[in-house]
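Participant: Provided herewith is a single structure, encoded as structure tokens, for subsequent inquiry.
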There are 2 protein chains.
Amino acid sequence: MADERKLTPRGEDFAAWYNEVVLRAELADYSPVRGSMVIRPWGYGIWENMQAALDRRFKDTGHENAYFPLLIPMNFIEKEKAHVEGFKPELAVVTHAGGKELEESLVIRPTSETVVYHMYAKWVQSYRDLPVLMNQWANVMRWELRTRLFLRTAEFLWQEGHTAHVSSEEAEQETQLILGLYREFMESWIAMPVLTGLKTESEKFAGAVRSYSCEALMQDNRALQAGTSHFLGQNFSKQFDLKFQSVEGKDEYAWNTSWGVSTRMVGGMVMTHGDDQGIVVPPRLAPVQVVIVPIIKGGDAKATAIHHKAEELAGMLTAQHVRVKVDRRDHLSPGAKFYEWERKGVPFRLELGPKDLDKEQVVLVQRVAPHDGPRKEFLSHVHATTMLPERLEEFQRELLANAVRRREDNSFRGITDWGEMKEILDTQGGFVYTGWSGDPAVEQRAKEEMKATIRVIPGEEFQSGTDPVRCIGGSGASRMEVVWARAY
Amino acid sequence: MADERKLTPRGEDFAAWYNEVVLRAELADYSPVRGSMVIRPWGYGIWENMQAALDRRFKDTGHENAYFPLLIPMNFIEKEKAHVEGFKPELAVVTHAGGKELEESLVIRPTSETVVYHMYAKWVQSYRDLPVLMNQWANVMRWELRTRLFLRTAEFLWQEGHTAHVSSEEAEQETQLILGLYREFMESWIAMPVLTGLKTESEKFAGAVRSYSCEALMQDNRALQAGTSHFLGQNFSKQFDLKFQSVEGKDEYAWNTSWGVSTRMVGGMVMTHGDDQGIVVPPRLAPVQVVIVPIIKGGDAKATAIHHKAEELAGMLTAQHVRVKVDRRDHLSPGAKFYEWERKGVPFRLELGPKDLDKEQVVLVQRVAPHDGPRKEFLSHVHATTMLPERLEEFQRELLANAVRRREDNSFRGITDWGEMKEILDTQGGFVYTGWSGDPAVEQRAKEEMKATIRVIPGEEFQSGTDPVRCIGGSGASRMEVVWARAY
């Protein structure tokens with residue numbers, strides 16, 4: 001049966017829209033285990049495309065994949081003081097296995113720093129063994145009370161990179177390299193612009209010296225932390241005895257970084273581009289980039305010719321590396337199919353009916369109307385198939401431009417007044433740029449009074465200027481500009 | 001430091017050789033959690049190549065990837081009677097999470113039939129929703145007492161396919177399709193020949209109606225079950241209420257299959273091709289197919305020219321899609337490098353020294369001597385680089401031919417005498433073909449007296465003939481030929 005119920009409009013209830021669209025685009029479903037979700041093929045196909053693009057980037061920058069154990073001894077987690085404080089409340093614990101109670105409980109990894117650096121300590125002896133640049137694609141578990149599909153689930157899929165270096169400088173460079181790689185990926189593949197920069201002390205990763213983050217602005221004007229890259233200093237290497245002999249023959253502790261992005265990015269994609277008809281999948285991520293819908297009315301004599309032509313067009317597109325599907329289901333009307341593929345966010349649809357066949361034309365429909373033209377075009381077969389690769393790239397760029405424009409429309413710079421910041425966040429949300437003295441009491445007060453946090457101390461390229469600005473929530477001026485928002 | 005210790009020879013202690021070679025080829029390492037291993041980049045790279053080849057085959061045959069939860073409610077596992085009997089002793093159980101004791105314990109998936117069919121029951125209403133053809137790449141956990149790297153570990157990586165069909169016939173076809181796909185993959189990629197066919201009742205999957213298996217013969221003449229494909233009938237659909245409305249409008253239970261292969265195949269590769277120098281990685285699986293070792297003696301004036309030429313040759317090979325690496329490490333002698341790459345099983349090595357440079361030649365060394373030529377050849381630069389893609393394929397074929405020959409040399413057909421079977425299995429092992437009446441008591445006796453099991457009732461293509469043969473361990477003759485072996 002075709003599901004033709006309308007979605008709750010975003011403007012009415014964004015959270016309800018999000019849940020409905022994720023379920024009805026068949027990205028994911030609730031599972032019988034509280035807090036865990038099932039990623040359905042359409043959602044998983046998008047994740048696979050994200051994985052492939054990121055994996056290529058990791059390998060091109062010298063990283064190798066490996067796999068570390070799911071279960072971690074409880075005493076490992078307890079070694080790094082800040083780490084255990086951050087993660088202990090969220091652990092899932094295995095107490096029994098093989099029919100017996102375990103002598104020491106094991107936890108399902110919430111992240112793998114501890115076991116990874118324990119292993120690196122076995123493998124690294126000399127500066128010649130460094131850097132170690134590894135990544136793993138894995139599932140992790142953080143027992144959350146309030147979960148949202150993709151955005152916050154007990155189990156999620158991610159990649160976690162873990163590196164070890166001879167010097168602080170080299171580790172810091174790696175942290176920055178990955179932050180830049182994440183940003184480039186998010187912009188060019190998810191078409192989701194992100195601000196990058198430092199997290200404040202109160203928001204950094206449990207166990208890091210410094211955390212960097214990618215922050216995107218969703219359509220409801222709340223921020224989404226889409227990826228993080230951490231400079232861990234020697235916090236873990238000291239606890240796990242990860243030492244190396246330096247060029248000078250001295251024993252030194254290695255310098256570490258860790259970094260990760262997760263299936264949460266699928267939620268970011270949904271909330272960046274979706275509309276009241278459904279999700280919109282940027283072409284580079286779409287498992288199906290073009291769907292061809294043959295328009296056949298009951299007993300149409302031209303049915304065979306139409307199907308034949310549809311397959312021929314599909315073949316021409318496949319030859320150009322376009323991911324194409326012909327929707328031949330005969331129990332659904334063309335309208336029901338249009339509705340379904342729009343909900344699922346397929347970038348382009350080609351309609352092909354009896355009249356189109358005679359005129360050697362097709363109807364090309366873009367999922368979102370382009371800025372400078374109609375959503376629907378009549379094109380010759382040859383023209384449609386030859387232009388589509390470029391049209392896909394154009395649509396990809398346009399989605400990014402739209403998202404940048406929306407973010408800029410909802411960014412408020414140079415705010416100096418506490419009341420004004422609260423007014424903005426209470427009424428419309430968005431990114432609020434202010435000066436900040438560095439005083440954590442101001443962060444605490446903002447959290448209490450307006451449920452907002454400093455999302456990021458933006459890197460140079462995002463700074464509004466070089467003049468000191470008046471600090472929010474206090475007196476004096478500062479060169480430190482920060483970005484506030486309510487966040488997922 | 002280069003590790004130049006010799007491996008224990010296979011002939012002396014095959015099990016010791018296996019462990020040493022897996023560790024010293026850096027395929028994997030022991031982890032701090034009993035029974036779990038760490039897959040190191042060289043081992044994971046091989047697994048990634050296996051994954052890519054299989055994933056392509058699954059998708060080409062209409063399957064889609066998805067992801068189901070790691071944790072499964074205990075009562076799910078208990079629903080299918082045979083299933084719980086088979087898996088309960090091996091479960092790892094989460095009793096606490098988020099700082100509290102759980103109301104119902106959750107188990108880490110030992111396999112996912114239960115939760116998958118629970119979800120399919122939500123998604124499938126009509127025959128139009130069938131078949132459902134899904135696969136997931138995931139980690140699973142079976143608490144084993146005696147573990148071996150790759151071959152039997154508590155946690156392992158695998159793919160598990162789960163399908164639902166309108167009819168028994170269609171499900172049986174799927175089971176066979178996958179069995180054939182596995183066999184073709186194992187032969188053409190791992191260069192590991194396998195017998196395929198049915199498992200007996202006592203050896204089938206807990207919950208299946210019929211299990212099919214791929215059985216390979218290792219160099220110590222023990223069998224390795226390398227992959228299985230199960231026809232589940234309606235066992236799970238009845239427990240999880242997976243029903244559909246048929247074309248005739250009736251409510252019917254769906255027919256299911258499940259099938260999987262795991263990181264165990266890496267162990268199979270090691271025990272099929274390895275020798276006393278190390279592992280041998282078939283070219284299609286090798287993360288590095290050709291290693292170029294520049295031969296430079298201290299302060300050699302030609303060092304720059306040699307490095308330059310090495311990179312040039314590498315570029316020419318990369319352009320032909322050969323995975324190549326130049327080993328530029330300057331703290332290791334060429335001999336130490338040869339030793340290391342042979343241990344890691346890289347198919348070809350190119351040596352390039354000052355004299356070679358003058359003569360515009362390289363030394364090409366194949367990991368294993370070809371049948372009809374020397375292991376080492378002097379070739380011109382152009383010749384070496386243009387011929388290597390074909391040489392890699394030749395080596396791939398030769399590895400398969402070698403393995404087939406070895407298996408056939410250790411297959412004993414038409415055995416009818418109990419004492420003779422025991423004599424073969426006690427002294428040399430291998431595959432023993434006999435007739436079998438179908439009596440499980442005979443299986444039980446063989447297990448007790450010679451630690452052997454019926455590995456497989458081979459499919460037609462592997463049958464010795466069509467005449468009835470005398471049954472082993474009993475009287476009478478049977479058309480049912482079976483293959484016995486001691487197994488991993």
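Within each chain, counting starts at residue 1; across the structure tokens, chains are named A, B, ... in the order shown, with ligands numbered 1 upward in that order.
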If you run DSSP over the backbone, which residues in region 412-481 of chain B end up strand (DSSP E or B)? Put them as JSON, numbers by chain.
Facilitator: {"B": [412, 431, 432, 433, 434, 435, 453, 454, 455, 456, 457, 458, 469, 470, 471, 477, 478, 481]}
Participant: Pull the closest atom pair for each residue of region 261-297 of chain B that gets at most 7 Å from region 4-28 of chain B, along with the distance in Å to one decimal, counting only C-alpha atoms, ordering rows by chain and then ascending residue number, as a tab-separated table.
Facilitator:
residue	atom	partner	partner_atom	distance
B:Asp276	CA	B:Pro9	CA	5.3
B:Gln277	CA	B:Leu7	CA	7.0
B:Gly278	CA	B:Val21	CA	5.8
B:Ile279	CA	B:Val21	CA	6.7
Participant: Pick from A:Ala138, A:Leu151, A:Leu198, A:Cys214: nearest to Met480 (chain A), with only C-alpha atoms counted?
Facilitator: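 Answer, going by the shortest atom-to-atom distance: A:Leu198.
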Participant: What's the 7 Å shell around region 319-323 of chain B, counting only C-alpha atoms, without same-chain residues fewer than 2 positions away, as a short mmCIF file (atom, residue, chain, number, x, y, z; two decimals) with N, CA and C atoms, in the first residue's frame?
Facilitator:
data_model
loop_
_atom_site.label_atom_id
_atom_site.label_comp_id
_atom_site.auth_asym_id
_atom_site.auth_seq_id
_atom_site.Cartn_x
_atom_site.Cartn_y
_atom_site.Cartn_z
N PRO B 287 46.49 -6.42 0.52
CA PRO B 287 46.46 -4.95 0.64
C PRO B 287 47.63 -4.33 -0.13
N VAL B 288 48.77 -5.00 -0.14
CA VAL B 288 49.90 -4.61 -0.99
C VAL B 288 50.21 -5.81 -1.87
N GLN B 289 50.15 -5.61 -3.19
CA GLN B 289 50.38 -6.74 -4.10
C GLN B 289 51.83 -6.82 -4.53
N VAL B 290 52.47 -5.66 -4.60
CA VAL B 290 53.87 -5.60 -5.02
C VAL B 290 54.60 -4.65 -4.09
N GLY B 315 54.51 4.32 -9.63
CA GLY B 315 53.49 5.11 -10.33
C GLY B 315 52.94 4.37 -11.53
N MET B 316 53.84 3.70 -12.27
CA MET B 316 53.39 2.95 -13.44
C MET B 316 52.48 1.79 -13.03
N LEU B 317 52.80 1.15 -11.93
CA LEU B 317 51.98 0.03 -11.45
C LEU B 317 50.63 0.53 -10.92
N PRO B 389 50.28 -7.00 -13.87
CA PRO B 389 48.85 -7.29 -13.67
C PRO B 389 48.50 -8.73 -14.06
#
Participant: Output as an NGL selection string the set of chain B residues within 6 Å of chain A, with distances taken over only C-alpha atoms.
Facilitator: :B and (38-41 or 44 or 64-68 or 89-94 or 96-99 or 143)
Participant: Within 9 Å of Val382 (chain B), counting only C-alpha atoms, which residues show up once you throw out same-chain ones fewer than 6 positions away? Write them as a PyMOL selection string, please.
Facilitator: chain B and resi 313+360-361
Participant: Apply DSSP to the backbone of this structure and, from region 193-287 of chain A, keep only the residues in alpha helix (DSSP H); write these as a PyMOL selection string.
Facilitator: chain A and resi 235-239+264-273
Participant: So that I can see what lies close to Val209 (chain A), please list as a PyMOL selection string the residues with an atom at most 9 Å from it, counting only C-alpha atoms and leaving out residues fewer than 5 positions away in the same chain.
Facilitator: chain A and resi 201+204+230-235
Participant: Please dump the current selection as a tab-separated table (two decimals), in the first residue's frame; keep N, CA and C atoms.
Facilitator:
chain	number	residue	atom	x	y	z
A	201	GLU	N	36.28	24.40	27.95
A	201	GLU	CA	36.65	23.36	28.92
A	201	GLU	C	35.43	22.54	29.34
A	204	LYS	N	34.36	19.94	26.53
A	204	LYS	CA	35.31	19.07	25.82
A	204	LYS	C	35.11	17.60	26.16
A	230	HIS	N	39.93	15.37	18.84
A	230	HIS	CA	40.48	15.68	20.16
A	230	HIS	C	42.00	15.57	20.22
A	231	PHE	N	42.61	16.57	20.83
A	231	PHE	CA	44.02	16.50	21.19
A	231	PHE	C	44.06	15.97	22.62
A	232	LEU	N	44.61	14.75	22.78
A	232	LEU	CA	44.55	14.09	24.10
A	232	LEU	C	45.81	14.31	24.92
A	233	GLY	N	46.79	14.99	24.33
A	233	GLY	CA	48.05	15.18	25.06
A	233	GLY	C	48.64	13.83	25.42
A	234	GLN	N	49.11	13.74	26.68
A	234	GLN	CA	49.66	12.46	27.15
A	234	GLN	C	48.76	11.84	28.23
A	235	ASN	N	47.50	12.31	28.27
A	235	ASN	CA	46.59	11.82	29.33
A	235	ASN	C	46.44	10.30	29.30
Participant: For a quick check of understanding, using only C-alpha atoms, which of B:Ile295, B:Leu352, B:Leu217, B:Asn49 has the smallest distance to Val483 (chain B)?
Facilitator: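 Checking each of B:Ile295, B:Leu352, B:Leu217, B:Asn49 against Val483 (chain B), counting only C-alpha atoms, the winner is B:Leu217.
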Participant: Here is a test: counting only C-alpha atoms, which residue of A:Glu390, A:Asp220, A:Glu103, A:Glu80 is nearest to Arg406 (chain A)?
Facilitator: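 For Arg406 (chain A), the nearest of the given residues is A:Asp220.
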Participant: Hey, which of B:Gly414, B:His308, B:Ser246, B:Thr427 ends up closest to Pro468 (chain B)? Count only C-alpha atoms.
Facilitator: B:Gly414
Participant: If we count only C-alpha atoms, what is near region 485-488 of chain A at a cut-off of 8 Å, once residues fewer than 4 positions away on the same chain are taken out, given as a PyMOL selection string?
Facilitator: chain A and resi 151+221-225+425+429-432+451-455
Participant: Would you mind exporting the chosen residues as a short mmCIF file (atom, residue, chain, number, x, y, z; two decimals), in the first residue's frame, restricted to C-alpha atoms?
Facilitator:
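As written to disk, again.cif reads:
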data_model
loop_
_atom_site.label_atom_id
_atom_site.label_comp_id
_atom_site.auth_asym_id
_atom_site.auth_seq_id
_atom_site.Cartn_x
_atom_site.Cartn_y
_atom_site.Cartn_z
CA LEU A 151 20.62 11.94 16.81
CA ASN A 221 17.83 26.90 14.45
CA ARG A 222 19.32 24.49 16.93
CA ALA A 223 22.95 23.46 16.64
CA LEU A 224 24.11 19.93 15.88
CA GLN A 225 27.58 18.78 16.90
CA LEU A 425 17.50 32.38 21.50
CA GLY A 429 17.29 30.53 17.87
CA GLY A 430 20.32 30.44 15.60
CA PHE A 431 24.01 31.10 16.11
CA VAL A 432 24.75 34.05 18.40
CA LYS A 451 19.39 26.57 27.76
CA ALA A 452 22.24 27.65 25.50
CA THR A 453 25.87 26.58 25.40
CA ILE A 454 28.98 27.84 23.69
CA ARG A 455 29.03 25.55 20.69
#
Participant: Using only C-alpha atoms, which protein or nucleic acid residues come within 12 Å of Gly207 (chain B)? Drop anything in the same chain fewer than 4 positions from it, and give the result as number ranges by chain.
Facilitator: B: 77-87, 111-114, 201-203, 211, 230-239, 256-258
Participant: Could you please determine the separation between CA of Asp251 (chain A) and CA of Glu160 (chain A) in Å, to one decimal place?
Facilitator: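 Straight-line distance from CA of Asp251 (chain A) to CA of Glu160 (chain A) works out to 27.6 Å.
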Participant: Which distance in Å separates CA of Ala369 (chain B) and CA of Leu357 (chain B), to one decimal?
Facilitator: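 These two atoms are separated by 24.8 Å.
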Participant: Please measure the separation of CA of Gly465 (chain B) and CA of Ala191 (chain B), giving the value in Å to one decimal.
Facilitator: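 Pair CA of Gly465 (chain B) / CA of Ala191 (chain B) returns 26.0 Å.
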